[in-house]
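A.B. asks: Following this message is one structure expressed as structure tokens.
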Amino acid sequence: MTPKSKPDASLSPSAYAELEKLPGNLRRQMIKTIDQLSTNPRPPNSKPLKLEEIPQEIRRVRLGKWRIIYFILDEQPVILGIRRRPPYDYDDLELLTQDHD
């Protein structure tokens, strides 16, 4: 079976660009994790990110040193960003959600 090059979930243009920059093995792991979010957008290893100024249900899931930032729309994940932590500190969440209001 050929590895998938694109996940089934919806990705913002910036998240797709970030995914494309990752090395092959990490990209495949990200795609697998994102696909799992499509069937269960609130897995036990995800964490809600509560910000008063953002009305959407924002969550993050960790994959090693990487974070997948997403919100849930009609019970489906919309991937906003893929960030490495540290140094990522979630300061740009409001900016990431502006295209999806």
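Quick note on naming: the chains in the structure tokens go A, B, ... in the order shown, residues restart at 1 in each chain, and ligands are numbered from 1 in order of appearance.
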Find the residues near Val61 in chain A: any atom within 7 Å, counting only C-alpha atoms, skip ones fewer than 3 places away on the same chain, and give them as JSON, numbers by chain.

C.D. replies: {"A": [45, 46, 47, 67, 68, 69]}

A.B. asks: Per DSSP on the backbone, what are the alpha helix (DSSP H) residues of chain A, as an MDAnalysis selection string?

C.D. replies: chainID A and resid 13:21 24:39 93:97

A.B. asks: Keeping only C-alpha atoms, write those residues as a CSV table (one decimal), in the first residue's frame.

C.D. replies:
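Done, and the output landed in part.csv:
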chain,number,residue,atom,x,y,z
A,13,PRO,CA,-3.6,26.6,3.4
A,14,SER,CA,-0.9,27.4,5.9
A,15,ALA,CA,-1.3,24.0,7.7
A,16,TYR,CA,-1.0,22.2,4.4
A,17,ALA,CA,2.2,24.2,3.5
A,18,GLU,CA,3.6,23.3,7.0
A,19,LEU,CA,2.8,19.7,6.4
A,20,GLU,CA,4.5,19.6,3.1
A,21,LYS,CA,7.7,21.0,4.6
A,24,GLY,CA,8.7,12.1,4.9
A,25,ASN,CA,8.5,9.9,8.0
A,26,LEU,CA,7.2,12.7,10.2
A,27,ARG,CA,4.7,13.8,7.5
A,28,ARG,CA,3.3,10.3,7.3
A,29,GLN,CA,2.9,10.2,11.1
A,30,MET,CA,1.1,13.6,11.0
A,31,ILE,CA,-1.2,12.4,8.2
A,32,LYS,CA,-2.0,9.3,10.3
A,33,THR,CA,-2.8,11.4,13.4
A,34,ILE,CA,-4.9,13.9,11.4
A,35,ASP,CA,-6.8,11.0,9.8
A,36,GLN,CA,-7.5,9.6,13.3
A,37,LEU,CA,-8.9,13.0,14.3
A,38,SER,CA,-11.4,12.7,11.4
A,39,THR,CA,-13.0,9.7,13.1
A,93,LEU,CA,-4.2,31.2,17.7
A,94,GLU,CA,-6.4,34.2,17.0
A,95,LEU,CA,-4.6,34.8,13.7
A,96,LEU,CA,-4.9,31.2,12.7
A,97,THR,CA,-8.7,31.2,13.2

A.B. asks: Within 8 Å of Leu49 in chain A, counting only C-alpha atoms, which residues qualify if same-chain residues fewer than 3 places away don't, as an NGL selection string?

C.D. replies: :A and (57-60)

A.B. asks: Which one of A:Pro55, A:Lys50, A:Ser12, A:Leu63 sits closest to Leu80 in chain A if you count only C-alpha atoms?

C.D. replies: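 Once distances to Leu80 in chain A are computed over only C-alpha atoms, the minimum belongs to A:Ser12.
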
A.B. asks: For the atom pair CA of Gln76 in chain A and CA of Leu22 in chain A, what is the interatomic distance in Å to one decimal place?

C.D. replies: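 Between these atoms lies a distance of 23.5 Å.
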
A.B. asks: Just list as a ChimeraX atom specification whatever in range 36-83 of chain A DSSP marks as strand (DSSP E).

C.D. replies: /A:46-49,58-63,66-73,76-83

A.B. asks: Quick one: pull the distance between CA of Tyr70 in chain A and CA of Arg84 in chain A, Å, one decimal.

C.D. replies: 14.5 Å

A.B. asks: Go ahead and compute the interatomic distance for CA of Asp92 in chain A and CA of Ser10 in chain A, in Å to one decimal.

C.D. replies: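 Separation between CA of Asp92 in chain A and CA of Ser10 in chain A: 19.3 Å.
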